[in-house]
Amino acid sequence: MVNSHRKRIFNVYLGFYCTAIILPKICICSRFSMPSSDQFNHDLGAFPAATNGEPFPWHELRLPNMAIPLHYDLLVHPNLTSLDFVASEKIEVLARVATQFIILHSKDLEIMNVTLHSEEDLRYRKPGRKLDVLSYPAHEQIALLVPEKLTADLKYYVAIDFQGKLADGFEGFYKSTYRTLGGETRTIAVTDFEPTEARVAFPCFDEPLFKANFSIKIRRESRHIALSNMPKVKTIELEGGLLEDHFETTVKMSTYLVAYIVCDFKSVSGTSSSGVKVSIYASPDKWNQTHYALEASLKLLDFYESYFDINYPLPKLDLIAIPDFGAGAMENWGLITYRETSLLFDPKTSSAFDKLWVTRVIAHELAHQWFGNLVTMEWWNDIWLNEGFANYMELVSLNATYPELQFDDYFLEVCFEVIKRDSLNASHPISNQAKTPTQIQEMFDTISYNKGACILNMLKDFLSEEKFRKGIIHYLKKFSYQNAKNDDLWSSMSNGCLEGDFTSGGFCYSDSKRISSTLLFQGEDEEVREMMATWTLQKGIPLVVVEREGRSLRLRQERFLSGVFREDPAWRALQERYLWHIPLTYSTSSSDVIHRHILKSKTEILDLPESTSWVKFNVNSNGYYIVHYEGHGWDQLIQQLNQNHTLFRPKDRTGLIHDAFQLVSAGRLTLDKALDLTRYLQHETSSLALLKGLEYLELFYHMMDRRNISDVSENLKHYLLQYFKPVIDTQSWSDEGSVWDRMLRSALLKLACDLTHAPCIQKATDLFSQWMESSGKLNIPTDVLKIVYSVGAQTTEGWNYLLEQYKLSMSGAEKNKILYALSTSKHQEKLMKLIELGMEGKIIKTQDLASLLHAIARNPKGQQLAWNFVRENWTHLLKKFGLGSFDMRIIISGTTSHFSSKDELQEVKLFFDSLKAQGLHLDIFQIVLETISKNIKWLEKNLPTLRTWLLARM
């Protein structure tokens, strides 16, 4: 799954005995715990009460495994007029022990009838036994009570008739609507089950470990089509004009990957090199925006089949743009669902960044067809095995298939983004305990996605590309159609060899080159396992402190904490028990050689082979750590940047800027030193480094502007326009150049217009006027479209016109740009109107409300408005999105994280305390409070320095 800006099998002991059972090709081992159903009879008081007052025979959040699913036959009939559905299913289960109950998940479903058949019943056509059903909504579970104990190691068949409502939100089996060019509103039915919402659509064993096969049938009207994970095999005509589509049985998979859709969409199709039919679906009026996605999907599918050395295992792959979608996309096996802006590409309105986004989301979801679908994490605490890998594979696949997108450079931002979160004490380990559905939802965050990807990239750099890839292939082939956990991955990475690669002596000769600190003996994988445990089982990011004395480097590692200074009383306690195995890289002024060393202790001394004027650690920023150069280290680097910055690689220059300002936030480097480092940027030709320097300077400007510290904001505005004037003035209002040229253009012109730079405002105003006069038909260059719209939105006439165009636009990319522009208005009544439209959900879809509130809160005129709205409408927002959802976390952080005063901190804290008193708690609460505290400390410590530094340059 991709979030909008959005997944343990035990170690198999080699000599473990696995009991053979009567089913062919099935071997059930101890990865499932084995409770006894007799426990229920012995201690009734230990169990909760079901809804009817009777004891519910299970008290754990996790399901028991006394009966496990093998196959589901599922028939669903959604009514797109009454917005409900009726359904039936037959689940083939294996009784692993003798038991008198079967526990399933079910939520918000009306169960009308349940019967049980044994294999003997079916063989002799005996009637099934009707089962009593108990419900325990607190755990979203039902218990099927069996009159006579099921016999161990036999198969049974549970038939359930049930019905439910199509949900209003974005989870389970829900309704989505879209407007045609003619103004008609049409309804479709779509599923989104990850992580724990399959139970809302059909009773099931809704945990990733309970893999099964699914045979799905969908009833529909003739004006619709039905899609599911597998190809359709036949359609049966029923009475009343209804049609029933039957789909091929799926491969063995987890419930959260099941998908089915009823819609009236159109598609474009192609065939991959290996014969897989790939189709892109969209609403009829947006069909012409599907062609780029087809091209990218075919190219990426071919790449992954080659890279993983495993063919995509299904005969078809559908990608479909859903009008209402909570995440960025969802990797349902064979039927990937996307938010429209994550799949559709309109050459007239989609910018360079839009193209990069669409391509990487497609790459992410296709990677999941192997990482997540073929091999699935055992439990949600290791969701990073799905999401971190999919994020990492974006880097690998786009570098190979779309090198012109230069995603290798953009990947730095993926890591820089998560460092901000991971440097807070409120962070969490990549592999983290999660029990309740809300806790599981919270695992889908930047730590699982971005940190997971970044430590994998660091491991690849440590092991080598070849060895890393072999480890991936080993992992995927060994655990295909199974579940895995952290240690399984590290074992695969260490060996990097399949069973056939080993000689009789236990050696693997498949590697062309032996690398220091990696192992080639079968089973000797402790080094990689130990190293990576320090990155996955503890939270945070290390700070490597470097002090040079002649040719000796004194190294020290600490835990890097943003907003906590060494002089703070809490600092030392927050450092205890943190130690990483850090694969260091460094270069010096003396040669281009990349030196490598693993830092496993708190302190260590390295001897340089020769004298050098400077040393730079973390080459190309491939390592997930921050570096501080004590003594004269920073001065030497700044001096070299000013003399000849090209001696450092572009990524190293970018990394230096990033680390310097992060160190300021931790009180380890003075702000003036970090600002001095950016002075070389007037000679910088790398868009990557320029954008990073601009990012921090712009951040400071907006902080001053929101706090109304007018003298500093005006001086900073003057400095930015003066210092970057040469590069601003050379920007053309076009879509010319490389991806990074285009993204730099967008950022520079947006900054110039935000700072009311007269030439920028005039050009944007002229383009907007021409666009209005052409009735919206003028094609404005896509990279400056958001800038032009934002300037135009500052007049009442322009704002109203943009809102009308928003209603008419068939391009999600354009609608995003218009909505952002509307949110920049200085008139609070207009901002309030946008929020009301977002709550209503017709003109501005509910899926866009979270990002809209975030955008309005960034506007100085809207920050208090957005925050007040969230507090006053909390109950309504909670009903729309659910507590742990990505949208709810964006709303909370987006409307509060920019605050920087003690009064604001107290206000937010009181609100969060009131929610906790109601039993509502999210990790994001503590993250926000730490972020606001960090902002306050940053201002207290650095405002005088910033003011003085700017005055010296006026």
# chains A, B, ... in the order shown; residues from 1 in each chain; ligands from 1
$ select_by_dssp --residues "segment 329-446 of chain A" --states "strand (DSSP E or B)" --output "PyMOL selection string"
chain A and resi 329-330+335-339+371+375-377
$ residues_around --residues "Ala143 of chain A" --least-positions-apart "6" --cutoff "9 Å" --atoms "only C-alpha atoms" --output "JSON, numbers by chain"
{"A": [56, 57, 58, 101, 102, 103, 104, 105, 132, 133, 134, 135, 136]}
$ residues_around --residues "segment 412-415 of chain A" --least-positions-apart "5" --cutoff "8 Å" --atoms "only C-alpha atoms" --output "list in words"
Asn450, Lys451, Cys454, Ser621, Tyr624 and Lys651 of chain A
$ residues_around --residues "segment 281-293 of chain A" --least-positions-apart "2" --cutoff "7 Å" --atoms "only C-alpha atoms" --output "PyMOL selection string"
chain A and resi 180-181+265-268+279+295-297+319-321+343-346+810
$ residues_around --residues "Gln847 of chain A" --least-positions-apart "2" --cutoff "9 Å" --atoms "only C-alpha atoms" --output "ChimeraX atom specification"
/A:169-170,324-327,838,841,844-845,849-851,887
$ write_last_selection --atoms "N, CA, C and O atoms" --output "PDB file, in the first residue's frame"
ATOM      1  N   GLY A 169     -17.177   5.112   4.103  1.00  0.00           N
ATOM      2  CA  GLY A 169     -15.792   5.594   4.113  1.00  0.00           C
ATOM      3  C   GLY A 169     -14.961   5.006   2.994  1.00  0.00           C
ATOM      4  O   GLY A 169     -15.416   4.903   1.849  1.00  0.00           O
ATOM      5  N   PHE A 170     -13.740   4.590   3.335  1.00  0.00           N
ATOM      6  CA  PHE A 170     -12.804   4.072   2.334  1.00  0.00           C
ATOM      7  C   PHE A 170     -12.306   2.684   2.687  1.00  0.00           C
ATOM      8  O   PHE A 170     -11.278   2.243   2.177  1.00  0.00           O
ATOM      9  N   ASP A 324     -12.941   7.549  -5.173  1.00  0.00           N
ATOM     10  CA  ASP A 324     -12.827   7.809  -3.731  1.00  0.00           C
ATOM     11  C   ASP A 324     -11.911   6.751  -3.140  1.00  0.00           C
ATOM     12  O   ASP A 324     -12.263   5.571  -3.105  1.00  0.00           O
ATOM     13  N   PHE A 325     -10.753   7.189  -2.656  1.00  0.00           N
ATOM     14  CA  PHE A 325      -9.771   6.217  -2.175  1.00  0.00           C
ATOM     15  C   PHE A 325      -8.952   6.842  -1.065  1.00  0.00           C
ATOM     16  O   PHE A 325      -8.419   7.942  -1.214  1.00  0.00           O
ATOM     17  N   GLY A 326      -8.854   6.141   0.074  1.00  0.00           N
ATOM     18  CA  GLY A 326      -8.215   6.730   1.248  1.00  0.00           C
ATOM     19  C   GLY A 326      -6.712   6.817   1.154  1.00  0.00           C
ATOM     20  O   GLY A 326      -6.113   7.790   1.595  1.00  0.00           O
ATOM     21  N   ALA A 327      -6.064   5.789   0.594  1.00  0.00           N
ATOM     22  CA  ALA A 327      -4.602   5.779   0.504  1.00  0.00           C
ATOM     23  C   ALA A 327      -4.170   6.253  -0.871  1.00  0.00           C
ATOM     24  O   ALA A 327      -4.961   6.803  -1.634  1.00  0.00           O
ATOM     25  N   GLY A 838     -15.461  20.366   1.753  1.00  0.00           N
ATOM     26  CA  GLY A 838     -14.761  19.116   2.014  1.00  0.00           C
ATOM     27  C   GLY A 838     -15.532  18.224   2.974  1.00  0.00           C
ATOM     28  O   GLY A 838     -15.553  16.997   2.814  1.00  0.00           O
ATOM     29  N   GLY A 841     -18.480  16.725   0.981  1.00  0.00           N
ATOM     30  CA  GLY A 841     -17.975  15.605   0.209  1.00  0.00           C
ATOM     31  C   GLY A 841     -18.500  15.473  -1.204  1.00  0.00           C
ATOM     32  O   GLY A 841     -18.272  14.448  -1.849  1.00  0.00           O
ATOM     33  N   ILE A 844     -15.876  18.926  -3.276  1.00  0.00           N
ATOM     34  CA  ILE A 844     -14.541  18.518  -2.828  1.00  0.00           C
ATOM     35  C   ILE A 844     -14.713  17.182  -2.123  1.00  0.00           C
ATOM     36  O   ILE A 844     -15.401  17.096  -1.101  1.00  0.00           O
ATOM     37  N   LYS A 845     -14.118  16.149  -2.665  1.00  0.00           N
ATOM     38  CA  LYS A 845     -14.321  14.816  -2.102  1.00  0.00           C
ATOM     39  C   LYS A 845     -13.704  14.691  -0.710  1.00  0.00           C
ATOM     40  O   LYS A 845     -12.674  15.297  -0.407  1.00  0.00           O
ATOM     41  N   LEU A 849     -10.064  15.996   2.095  1.00  0.00           N
ATOM     42  CA  LEU A 849     -10.255  16.895   3.233  1.00  0.00           C
ATOM     43  C   LEU A 849      -9.003  17.015   4.092  1.00  0.00           C
ATOM     44  O   LEU A 849      -8.643  18.107   4.543  1.00  0.00           O
ATOM     45  N   ALA A 850      -8.320  15.892   4.348  1.00  0.00           N
ATOM     46  CA  ALA A 850      -7.132  15.921   5.210  1.00  0.00           C
ATOM     47  C   ALA A 850      -6.042  16.805   4.615  1.00  0.00           C
ATOM     48  O   ALA A 850      -5.481  17.665   5.299  1.00  0.00           O
ATOM     49  N   SER A 851      -5.758  16.623   3.323  1.00  0.00           N
ATOM     50  CA  SER A 851      -4.717  17.445   2.688  1.00  0.00           C
ATOM     51  C   SER A 851      -5.168  18.901   2.583  1.00  0.00           C
ATOM     52  O   SER A 851      -4.338  19.817   2.663  1.00  0.00           O
ATOM     53  N   ASP A 887      -5.578   9.437   7.174  1.00  0.00           N
ATOM     54  CA  ASP A 887      -6.189  10.760   7.050  1.00  0.00           C
ATOM     55  C   ASP A 887      -6.287  11.461   8.404  1.00  0.00           C
ATOM     56  O   ASP A 887      -6.013  12.656   8.508  1.00  0.00           O
TER      57      ASP A 887
END
$ residues_around --residues "Ala453 of chain A" --least-positions-apart "5" --cutoff "10 Å" --atoms "only C-alpha atoms" --output "PyMOL selection string"
chain A and resi 384-385+387-395+411+414-415+446-448+458-459
$ write_last_selection --atoms "C-alpha atoms" --output "PDB file, in the first residue's frame"
ATOM      1  CA  TRP A 384       7.975  -2.904   6.935  1.00  0.00           C
ATOM      2  CA  LEU A 385       8.937  -6.165   5.168  1.00  0.00           C
ATOM      3  CA  GLU A 387       6.264  -1.491   2.681  1.00  0.00           C
ATOM      4  CA  GLY A 388       9.948  -0.786   3.252  1.00  0.00           C
ATOM      5  CA  PHE A 389      10.837  -3.212   0.467  1.00  0.00           C
ATOM      6  CA  ALA A 390       8.266  -1.749  -1.916  1.00  0.00           C
ATOM      7  CA  ASN A 391       9.652   1.740  -1.250  1.00  0.00           C
ATOM      8  CA  TYR A 392      13.198   0.477  -1.787  1.00  0.00           C
ATOM      9  CA  MET A 393      12.223  -1.301  -5.008  1.00  0.00           C
ATOM     10  CA  GLU A 394      10.907   2.010  -6.357  1.00  0.00           C
ATOM     11  CA  LEU A 395      14.544   3.123  -6.336  1.00  0.00           C
ATOM     12  CA  PHE A 411      15.456   8.950  -2.864  1.00  0.00           C
ATOM     13  CA  VAL A 414      12.698   9.737   1.187  1.00  0.00           C
ATOM     14  CA  CYS A 415      15.378   9.297   3.870  1.00  0.00           C
ATOM     15  CA  THR A 446       6.972   6.890   7.461  1.00  0.00           C
ATOM     16  CA  ILE A 447       9.034   4.615   9.754  1.00  0.00           C
ATOM     17  CA  SER A 448       7.745   1.414   8.134  1.00  0.00           C
ATOM     18  CA  MET A 458      22.282   1.059   3.315  1.00  0.00           C
ATOM     19  CA  LEU A 459      22.496  -2.753   3.540  1.00  0.00           C
TER      20      LEU A 459
END
$ closest_residue --among "A:Asp735, A:Asp741, A:Glu530, A:Glu442" --to "Gly884 of chain A" --atoms "only C-alpha atoms"
A:Glu442
$ atom_distance --atom1 "atom CA of Asn79 of chain A" --atom2 "atom CA of Thr846 of chain A"
22.4 Å
$ select_by_dssp --residues "segment 231-305 of chain A" --states "alpha helix (DSSP H)" --output "PyMOL selection string"
chain A and resi 291-305
